[in-house]
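Asks: So that you have it, the file is run-v1.pdb, and it contains PDB, C-alpha atoms, pLDDT in the B column:
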```pdb
ATOM      1  CA  MET A   1       3.196 -25.239 -22.916  1.00 68.00           C
ATOM      2  CA  THR A   2       2.829 -21.652 -24.126  1.00 71.00           C
ATOM      3  CA  GLY A   3       5.138 -18.702 -23.593  1.00 71.00           C
ATOM      4  CA  THR A   4       3.032 -17.670 -20.607  1.00 73.00           C
ATOM      5  CA  GLY A   5       3.382 -21.178 -19.188  1.00 74.00           C
ATOM      6  CA  TRP A   6       7.169 -21.087 -19.470  1.00 82.00           C
ATOM      7  CA  ALA A   7       7.173 -17.608 -17.906  1.00 86.00           C
ATOM      8  CA  ASN A   8       5.325 -19.096 -14.922  1.00 83.00           C
ATOM      9  CA  VAL A   9       7.912 -21.886 -14.695  1.00 86.00           C
ATOM     10  CA  VAL A  10      10.668 -19.264 -14.587  1.00 91.00           C
ATOM     11  CA  LEU A  11       8.706 -17.337 -11.948  1.00 90.00           C
ATOM     12  CA  LEU A  12       8.373 -20.505  -9.857  1.00 91.00           C
ATOM     13  CA  THR A  13      12.121 -21.076 -10.106  1.00 93.00           C
ATOM     14  CA  ILE A  14      12.762 -17.533  -8.873  1.00 94.00           C
ATOM     15  CA  ILE A  15      10.205 -17.827  -6.054  1.00 94.00           C
ATOM     16  CA  PHE A  16      11.517 -21.126  -4.697  1.00 93.00           C
ATOM     17  CA  GLY A  17      15.117 -19.985  -5.188  1.00 95.00           C
ATOM     18  CA  ALA A  18      14.459 -16.829  -3.164  1.00 94.00           C
ATOM     19  CA  ALA A  19      12.621 -18.842  -0.487  1.00 95.00           C
ATOM     20  CA  ALA A  20      15.573 -21.226  -0.206  1.00 95.00           C
ATOM     21  CA  THR A  21      18.015 -18.299   0.023  1.00 95.00           C
ATOM     22  CA  PHE A  22      16.067 -16.637   2.846  1.00 93.00           C
ATOM     23  CA  LEU A  23      15.700 -19.974   4.653  1.00 94.00           C
ATOM     24  CA  VAL A  24      19.412 -20.835   4.418  1.00 94.00           C
ATOM     25  CA  TYR A  25      20.386 -17.305   5.500  1.00 92.00           C
ATOM     26  CA  ALA A  26      18.012 -17.343   8.489  1.00 92.00           C
ATOM     27  CA  THR A  27      19.081 -20.844   9.567  1.00 92.00           C
ATOM     28  CA  ASN A  28      22.828 -20.279   9.239  1.00 93.00           C
ATOM     29  CA  THR A  29      22.682 -16.894  10.974  1.00 91.00           C
ATOM     30  CA  ALA A  30      20.573 -18.297  13.831  1.00 92.00           C
ATOM     31  CA  PHE A  31      23.031 -21.172  14.375  1.00 93.00           C
ATOM     32  CA  HIS A  32      25.938 -18.680  14.283  1.00 93.00           C
ATOM     33  CA  ILE A  33      24.266 -16.432  16.874  1.00 93.00           C
ATOM     34  CA  ILE A  34      23.477 -19.362  19.172  1.00 94.00           C
ATOM     35  CA  ALA A  35      26.998 -20.812  18.888  1.00 95.00           C
ATOM     36  CA  ASN A  36      28.670 -17.467  19.678  1.00 95.00           C
ATOM     37  CA  ARG A  37      26.251 -16.793  22.523  1.00 95.00           C
ATOM     38  CA  ASN A  38      26.987 -20.200  24.081  1.00 96.00           C
ATOM     39  CA  THR A  39      30.740 -19.635  23.722  1.00 96.00           C
ATOM     40  CA  LEU A  40      30.529 -16.301  25.543  1.00 96.00           C
ATOM     41  CA  ARG A  41      28.303 -17.799  28.257  1.00 95.00           C
ATOM     42  CA  ALA A  42      30.793 -20.627  28.831  1.00 94.00           C
ATOM     43  CA  GLY A  43      33.650 -18.260  29.624  1.00 90.00           C
ATOM     44  CA  ALA A  44      34.441 -14.763  28.416  1.00 94.00           C
ATOM     45  CA  SER A  45      36.859 -11.986  29.209  1.00 95.00           C
ATOM     46  CA  GLN A  46      35.524  -8.460  29.558  1.00 95.00           C
ATOM     47  CA  THR A  47      36.963  -5.110  28.570  1.00 96.00           C
ATOM     48  CA  THR A  48      35.928  -1.622  27.585  1.00 95.00           C
ATOM     49  CA  GLY A  49      35.487  -0.938  23.894  1.00 96.00           C
ATOM     50  CA  GLN A  50      35.318   2.269  21.891  1.00 96.00           C
ATOM     51  CA  ILE A  51      32.105   2.978  19.967  1.00 95.00           C
ATOM     52  CA  THR A  52      33.197   3.831  16.439  1.00 95.00           C
ATOM     53  CA  ARG A  53      29.838   4.109  14.711  1.00 93.00           C
ATOM     54  CA  GLU A  54      26.107   4.435  15.423  1.00 93.00           C
ATOM     55  CA  TRP A  55      23.355   4.014  12.815  1.00 92.00           C
ATOM     56  CA  THR A  56      19.831   2.789  12.164  1.00 90.00           C
ATOM     57  CA  SER A  57      18.539   0.599   9.325  1.00 86.00           C
ATOM     58  CA  GLY A  58      15.318  -0.713   7.863  1.00 79.00           C
ATOM     59  CA  LYS A  59      11.746   0.514   8.092  1.00 78.00           C
ATOM     60  CA  SER A  60      11.702  -0.312  11.793  1.00 76.00           C
ATOM     61  CA  SER A  61      14.839   1.828  12.340  1.00 82.00           C
ATOM     62  CA  THR A  62      16.835  -1.001  13.910  1.00 88.00           C
ATOM     63  CA  GLN A  63      19.675   0.491  15.963  1.00 92.00           C
ATOM     64  CA  HIS A  64      23.275  -0.622  15.451  1.00 93.00           C
ATOM     65  CA  ILE A  65      26.683   0.209  16.878  1.00 94.00           C
ATOM     66  CA  GLY A  66      30.170  -0.540  15.647  1.00 96.00           C
ATOM     67  CA  TYR A  67      32.987  -0.838  18.171  1.00 96.00           C
ATOM     68  CA  SER A  68      36.642  -1.746  18.635  1.00 97.00           C
ATOM     69  CA  PHE A  69      38.542  -3.120  21.630  1.00 97.00           C
ATOM     70  CA  GLU A  70      41.944  -4.378  22.712  1.00 95.00           C
ATOM     71  CA  GLY A  71      42.382  -8.052  23.488  1.00 89.00           C
ATOM     72  CA  ASP A  72      45.556 -10.107  23.922  1.00 83.00           C
ATOM     73  CA  GLY A  73      47.668  -7.264  22.544  1.00 86.00           C
ATOM     74  CA  ALA A  74      45.664  -6.843  19.346  1.00 94.00           C
ATOM     75  CA  THR A  75      42.773  -4.656  18.224  1.00 96.00           C
ATOM     76  CA  TYR A  76      39.462  -6.277  17.294  1.00 97.00           C
ATOM     77  CA  SER A  77      36.194  -4.858  16.058  1.00 95.00           C
ATOM     78  CA  GLY A  78      32.558  -5.846  15.943  1.00 96.00           C
ATOM     79  CA  GLU A  79      29.018  -4.710  15.286  1.00 95.00           C
ATOM     80  CA  ALA A  80      25.833  -5.324  17.243  1.00 95.00           C
ATOM     81  CA  ILE A  81      22.119  -4.598  17.118  1.00 93.00           C
ATOM     82  CA  VAL A  82      21.086  -2.563  20.150  1.00 93.00           C
ATOM     83  CA  PRO A  83      17.754  -3.210  21.926  1.00 91.00           C
ATOM     84  CA  GLY A  84      15.449  -0.204  22.095  1.00 86.00           C
ATOM     85  CA  ASN A  85      15.600   0.024  25.894  1.00 87.00           C
ATOM     86  CA  ILE A  86      19.409   0.326  25.793  1.00 90.00           C
ATOM     87  CA  TRP A  87      19.772   2.554  22.722  1.00 89.00           C
ATOM     88  CA  ALA A  88      18.998   5.774  24.630  1.00 85.00           C
ATOM     89  CA  SER A  89      21.882   5.177  27.057  1.00 84.00           C
ATOM     90  CA  LEU A  90      24.348   4.351  24.254  1.00 84.00           C
ATOM     91  CA  LYS A  91      23.343   6.993  21.721  1.00 76.00           C
ATOM     92  CA  ASN A  92      26.175   9.536  21.476  1.00 76.00           C
ATOM     93  CA  ALA A  93      28.201   7.502  23.994  1.00 83.00           C
ATOM     94  CA  TYR A  94      31.888   6.790  23.472  1.00 90.00           C
ATOM     95  CA  VAL A  95      32.463   3.479  25.247  1.00 94.00           C
ATOM     96  CA  VAL A  96      30.668   0.158  25.701  1.00 95.00           C
ATOM     97  CA  ASN A  97      31.485  -2.895  27.810  1.00 96.00           C
ATOM     98  CA  ILE A  98      32.590  -5.810  25.624  1.00 96.00           C
ATOM     99  CA  LYS A  99      32.865  -9.515  26.390  1.00 97.00           C
ATOM    100  CA  TYR A 100      34.958 -11.752  24.161  1.00 97.00           C
ATOM    101  CA  SER A 101      36.260 -15.290  23.968  1.00 96.00           C
ATOM    102  CA  PRO A 102      39.896 -15.512  25.149  1.00 94.00           C
ATOM    103  CA  ALA A 103      40.433 -18.378  22.696  1.00 93.00           C
ATOM    104  CA  ASP A 104      39.083 -16.351  19.784  1.00 95.00           C
ATOM    105  CA  PRO A 105      38.491 -12.629  20.400  1.00 96.00           C
ATOM    106  CA  HIS A 106      36.694 -12.415  17.046  1.00 95.00           C
ATOM    107  CA  ILE A 107      33.791 -13.943  18.987  1.00 96.00           C
ATOM    108  CA  ASN A 108      32.619 -10.880  20.902  1.00 97.00           C
ATOM    109  CA  HIS A 109      29.543  -8.876  21.811  1.00 97.00           C
ATOM    110  CA  PRO A 110      28.543  -5.960  24.043  1.00 96.00           C
ATOM    111  CA  ALA A 111      28.368  -7.269  27.621  1.00 95.00           C
ATOM    112  CA  ASP A 112      25.153  -5.517  28.659  1.00 93.00           C
ATOM    113  CA  TRP A 113      22.888  -7.626  26.435  1.00 94.00           C
ATOM    114  CA  GLU A 114      22.977 -10.809  24.367  1.00 93.00           C
ATOM    115  CA  ASP A 115      22.474 -11.205  20.660  1.00 92.00           C
ATOM    116  CA  SER A 116      19.003 -12.498  19.777  1.00 87.00           C
ATOM    117  CA  ILE A 117      17.733 -14.769  17.023  1.00 85.00           C
ATOM    118  CA  ASP A 118      14.443 -12.828  16.965  1.00 82.00           C
ATOM    119  CA  ARG A 119      15.715 -10.796  14.016  1.00 77.00           C
ATOM    120  CA  MET A 120      15.794 -13.992  11.969  1.00 82.00           C
ATOM    121  CA  PHE A 121      11.994 -14.211  12.061  1.00 85.00           C
ATOM    122  CA  SER A 122      11.653 -11.695   9.195  1.00 85.00           C
ATOM    123  CA  PRO A 123      13.697 -13.654   6.610  1.00 89.00           C
ATOM    124  CA  LEU A 124      12.126 -16.898   7.877  1.00 90.00           C
ATOM    125  CA  PHE A 125       8.653 -15.380   7.464  1.00 92.00           C
ATOM    126  CA  LEU A 126       9.564 -14.262   3.927  1.00 92.00           C
ATOM    127  CA  ALA A 127      10.754 -17.783   3.108  1.00 94.00           C
ATOM    128  CA  VAL A 128       7.458 -19.256   4.341  1.00 94.00           C
ATOM    129  CA  MET A 129       5.328 -16.704   2.460  1.00 95.00           C
ATOM    130  CA  LEU A 130       7.282 -17.216  -0.769  1.00 94.00           C
ATOM    131  CA  SER A 131       6.953 -20.986  -0.420  1.00 95.00           C
ATOM    132  CA  ILE A 132       3.193 -20.718   0.106  1.00 95.00           C
ATOM    133  CA  GLY A 133       2.869 -18.442  -2.928  1.00 94.00           C
ATOM    134  CA  GLY A 134       4.935 -20.859  -5.004  1.00 94.00           C
ATOM    135  CA  LEU A 135       2.859 -23.850  -3.920  1.00 95.00           C
ATOM    136  CA  LEU A 136      -0.357 -22.008  -4.801  1.00 93.00           C
ATOM    137  CA  LEU A 137       1.047 -21.261  -8.251  1.00 93.00           C
ATOM    138  CA  VAL A 138       2.066 -24.920  -8.661  1.00 93.00           C
ATOM    139  CA  ARG A 139      -1.469 -25.962  -7.751  1.00 92.00           C
ATOM    140  CA  LEU A 140      -2.927 -23.506 -10.278  1.00 89.00           C
ATOM    141  CA  LEU A 141      -0.651 -24.753 -13.067  1.00 91.00           C
ATOM    142  CA  ARG A 142      -1.440 -28.395 -12.274  1.00 91.00           C
ATOM    143  CA  THR A 143      -5.166 -27.631 -12.430  1.00 90.00           C
ATOM    144  CA  GLN A 144      -4.770 -25.848 -15.758  1.00 90.00           C
ATOM    145  CA  ARG A 145      -2.695 -28.677 -17.163  1.00 90.00           C
ATOM    146  CA  ARG A 146      -5.338 -31.178 -16.082  1.00 92.00           C
ATOM    147  CA  LEU A 147      -8.074 -29.062 -17.658  1.00 92.00           C
ATOM    148  CA  VAL A 148      -6.225 -29.092 -20.977  1.00 90.00           C
ATOM    149  CA  ALA A 149      -5.538 -32.839 -20.753  1.00 90.00           C
ATOM    150  CA  GLU A 150      -8.927 -34.040 -19.493  1.00 92.00           C
ATOM    151  CA  GLY A 151     -11.332 -31.118 -19.826  1.00 92.00           C
ATOM    152  CA  LEU A 152     -14.333 -30.678 -22.101  1.00 94.00           C
ATOM    153  CA  PRO A 153     -15.235 -27.402 -23.816  1.00 93.00           C
ATOM    154  CA  ALA A 154     -18.579 -25.721 -23.219  1.00 95.00           C
ATOM    155  CA  MET A 155     -20.343 -22.419 -23.838  1.00 96.00           C
ATOM    156  CA  ALA A 156     -21.229 -20.480 -20.685  1.00 96.00           C
ATOM    157  CA  SER A 157     -23.502 -17.530 -20.044  1.00 96.00           C
ATOM    158  CA  VAL A 158     -22.204 -14.612 -17.949  1.00 95.00           C
ATOM    159  CA  THR A 159     -24.573 -14.079 -15.001  1.00 95.00           C
ATOM    160  CA  GLU A 160     -22.730 -11.378 -13.035  1.00 94.00           C
ATOM    161  CA  ARG A 161     -19.757  -9.020 -13.156  1.00 92.00           C
ATOM    162  CA  VAL A 162     -18.080  -8.474  -9.764  1.00 91.00           C
ATOM    163  CA  LYS A 163     -15.411  -5.884  -9.001  1.00 87.00           C
ATOM    164  CA  GLY A 164     -12.457  -7.309  -7.106  1.00 79.00           C
ATOM    165  CA  SER A 165     -11.307  -5.764  -3.819  1.00 75.00           C
ATOM    166  CA  ARG A 166      -7.905  -5.042  -5.386  1.00 76.00           C
ATOM    167  CA  GLY A 167      -9.164  -3.976  -8.772  1.00 76.00           C
ATOM    168  CA  GLY A 168     -10.093  -5.997 -11.809  1.00 82.00           C
ATOM    169  CA  VAL A 169     -13.380  -7.689 -12.572  1.00 88.00           C
ATOM    170  CA  PHE A 170     -14.493 -11.267 -11.984  1.00 91.00           C
ATOM    171  CA  LEU A 171     -17.140 -12.997 -14.078  1.00 91.00           C
ATOM    172  CA  LYS A 172     -19.685 -15.382 -12.675  1.00 95.00           C
ATOM    173  CA  TYR A 173     -21.133 -17.734 -15.262  1.00 96.00           C
ATOM    174  CA  GLU A 174     -23.207 -20.859 -15.657  1.00 96.00           C
ATOM    175  CA  PHE A 175     -23.009 -23.639 -18.198  1.00 96.00           C
ATOM    176  CA  ARG A 176     -24.495 -27.028 -18.962  1.00 95.00           C
ATOM    177  CA  THR A 177     -22.225 -30.050 -18.812  1.00 94.00           C
ATOM    178  CA  GLU A 178     -22.228 -32.887 -21.328  1.00 92.00           C
ATOM    179  CA  ALA A 179     -24.377 -34.817 -18.826  1.00 91.00           C
ATOM    180  CA  GLY A 180     -26.948 -31.988 -18.799  1.00 92.00           C
ATOM    181  CA  GLU A 181     -26.074 -30.643 -15.326  1.00 94.00           C
ATOM    182  CA  VAL A 182     -26.192 -26.841 -14.889  1.00 95.00           C
ATOM    183  CA  THR A 183     -23.030 -25.690 -13.089  1.00 95.00           C
ATOM    184  CA  ASN A 184     -21.621 -22.338 -11.987  1.00 94.00           C
ATOM    185  CA  GLY A 185     -18.107 -20.989 -12.296  1.00 93.00           C
ATOM    186  CA  THR A 186     -16.008 -17.864 -11.693  1.00 91.00           C
ATOM    187  CA  CYS A 187     -13.053 -16.440 -13.572  1.00 88.00           C
ATOM    188  CA  SER A 188     -11.171 -13.164 -13.961  1.00 84.00           C
ATOM    189  CA  GLU A 189     -12.288 -11.031 -16.887  1.00 80.00           C
ATOM    190  CA  GLU A 190      -9.737 -10.930 -19.698  1.00 76.00           C
ATOM    191  CA  GLU A 191     -11.905  -9.017 -22.167  1.00 78.00           C
ATOM    192  CA  ARG A 192     -14.965  -6.997 -21.237  1.00 83.00           C
ATOM    193  CA  GLN A 193     -18.022  -9.196 -21.145  1.00 87.00           C
ATOM    194  CA  GLU A 194     -21.547  -8.035 -20.372  1.00 89.00           C
ATOM    195  CA  VAL A 195     -24.092  -9.979 -18.340  1.00 92.00           C
ATOM    196  CA  GLY A 196     -25.868 -12.360 -20.696  1.00 92.00           C
ATOM    197  CA  SER A 197     -22.959 -12.671 -23.108  1.00 93.00           C
ATOM    198  CA  THR A 198     -21.576 -16.085 -24.069  1.00 94.00           C
ATOM    199  CA  ILE A 199     -18.009 -17.167 -23.305  1.00 94.00           C
ATOM    200  CA  SER A 200     -15.996 -20.298 -24.033  1.00 93.00           C
ATOM    201  CA  ILE A 201     -14.888 -22.330 -21.025  1.00 93.00           C
ATOM    202  CA  ILE A 202     -13.341 -25.712 -20.340  1.00 94.00           C
ATOM    203  CA  TYR A 203     -14.293 -27.915 -17.371  1.00 95.00           C
ATOM    204  CA  LEU A 204     -13.381 -31.212 -15.751  1.00 95.00           C
ATOM    205  CA  PRO A 205     -16.033 -33.885 -16.348  1.00 94.00           C
ATOM    206  CA  SER A 206     -15.136 -35.467 -12.993  1.00 93.00           C
ATOM    207  CA  ASN A 207     -15.559 -32.128 -11.192  1.00 94.00           C
ATOM    208  CA  PRO A 208     -17.472 -29.600 -13.344  1.00 94.00           C
ATOM    209  CA  ARG A 209     -17.026 -26.858 -10.746  1.00 92.00           C
ATOM    210  CA  THR A 210     -13.372 -26.794 -11.823  1.00 93.00           C
ATOM    211  CA  SER A 211     -13.516 -24.688 -14.972  1.00 93.00           C
ATOM    212  CA  LYS A 212     -11.698 -21.844 -16.685  1.00 92.00           C
ATOM    213  CA  LEU A 213     -11.946 -19.528 -19.655  1.00 90.00           C
ATOM    214  CA  TYR A 214     -10.827 -21.210 -22.854  1.00 89.00           C
ATOM    215  CA  PRO A 215      -8.269 -21.137 -24.391  1.00 85.00           C
ATOM    216  CA  ILE A 216      -5.991 -21.374 -21.356  1.00 83.00           C
ATOM    217  CA  GLU A 217      -3.034 -19.021 -21.621  1.00 76.00           C
ATOM    218  CA  THR A 218      -0.461 -21.358 -20.040  1.00 76.00           C
ATOM    219  CA  PHE A 219      -1.059 -24.601 -21.963  1.00 72.00           C
ATOM    220  CA  LYS A 220      -2.112 -25.445 -25.494  1.00 68.00           C
ATOM    221  CA  VAL A 221      -4.103 -28.396 -26.708  1.00 60.00           C
ATOM    222  CA  ASP A 222      -2.251 -30.861 -28.920  1.00 57.00           C
ATOM    223  CA  GLU A 223      -3.989 -30.983 -32.262  1.00 49.00           C
TER     224      GLU A 223
END
```
Can you turn what I pasted into structure tokens?
Replies:
Amino acid sequence: MTGTGWANVVLLTIIFGAAATFLVYATNTAFHIIANRNTLRAGASQTTGQITREWTSGKSSTQHIGYSFEGDGATYSGEAIVPGNIWASLKNAYVVNIKYSPADPHINHPADWEDSIDRMFSPLFLAVMLSIGGLLLVRLLRTQRRLVAEGLPAMASVTERVKGSRGGVFLKYEFRTEAGEVTNGTCSEEERQEVGSTISIIYLPSNPRTSKLYPIETFKVDE
């Protein structure tokens, strides 16, 4: 494996590590929200709390409040995300109704709405997207490794240069396999190549449509 290949392995480790982190965070937080919500539904005391802080966060300007309240002779505090339809009535307010568990006042929430697991969809979505990206990279590396292990070299003729929608140029080419079959392929342009120029490629004899510019940057052929 080349330096580029090892760099891709490191990138895969980072991608799957980040995906796992987002997944664990989303799962644990969702279970925590559900457990606290069920506890408060089962039996909660109610009191009036003092709003100590109001702020927004994120690109979607999610609204938050911080609050404190008295329960069983002690002072407790908490934070909550405020739904948009309630934010207007609480903005610049001083008090908020609080419900809390008599057995453990640290389990508390504003009484006028319940906490929702909907906010966990964003980290869960990120985990899924990262996992899909990682799997696509794994598939690409496996194909390249197979090309190096089983592939045959060939000379191909560039038939078209196509500009990508996000920049860059893709080359369309055709080549003749060892069996004499004319096959087409596509690859990203690494060095400028004009239509009609000749490039080196490597292809799978079992599936000639699987081909790539040669040499492959991620793997090297054992001499």
Asks: Determine the residue membership of the PyMOL selection byres ((chain A and resi 170-181) around 12) for the file above and supply it as a PyMOL selection string.
Replies: chain A and resi 151-169+182-213
Asks: Mind pulling up the distance from atom CA of A:Asp104 to atom CA of A:Phe31?
Replies: 17.6 Å
Asks: What is the distance between atom CA of A:Ala88 and atom CA of A:Ser122, in Å to one decimal?
Replies: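 Straight-line distance from atom CA of A:Ala88 to atom CA of A:Ser122 works out to 24.4 Å.
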Asks: Mind telling me what the PyMOL selection byres ((chain A and resi 69-80) around 8) catches here, as a PyMOL selection string?
Replies: chain A and resi 47-50+64-68+81-82+98+102+105-106+108-110+115
Asks: Using only C-alpha atoms, determine which residues lie at most 8 Å from A:Phe22, disregarding the query and same-chain residues fewer than 2 positions distant; provide the list as a PyMOL selection string.
Replies: chain A and resi 18-20+24-26+123-124+126-127
Asks: Any idea what the distance is between atom CA of A:Phe219 and atom CA of A:Gly5?
Replies: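 About the pair atom CA of A:Phe219 and atom CA of A:Gly5: they are 6.3 Å apart.
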Asks: For A:Leu23, which of A:Phe121, A:Asn38, A:Thr4, A:Trp55 is the closest residue, counting only C-alpha atoms?
Replies: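 The shortest atom-to-atom distance to A:Leu23 comes from A:Phe121.
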Asks: Identify, on the basis of only C-alpha atoms, every residue whose closest approach to A:Thr62 does not exceed 10 Å; exclude the query and any residue fewer than 3 positions from it along the same chain; express the result as a count of residues only.
Replies: 11
Asks: With distances taken over only C-alpha atoms, which of A:Lys91, A:Leu140, A:Ile216, A:Leu130 is nearest to A:Thr13?
Replies: A:Leu130
Asks: For A:Arg139, which residue out of A:Leu12, A:Ile51, A:Ala7, A:Ile117 is the nearest one, using only C-alpha atoms?
Replies: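 With only C-alpha atoms as the atom set, the closest residue is A:Leu12.
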Asks: Specify as a VMD selection string each residue included when the PyMOL selection byres ((chain A and resi 8) around 12) is applied to this file.
Replies: chain A and resid 1 to 7 9 to 15 134 136 to 138 140 to 142 217 to 219
Asks: Adding 8 Å on each side of the box along x, y and z that holds all listed atoms of stretch 57-75 of chain A, could you give its centre and edge lengths in Å to one decimal, as JSON?
Replies:
```
{"center_x": 29.7, "center_y": -4.1, "center_z": 15.9, "size_x": 52.0, "size_y": 27.9, "size_z": 32.1}
```
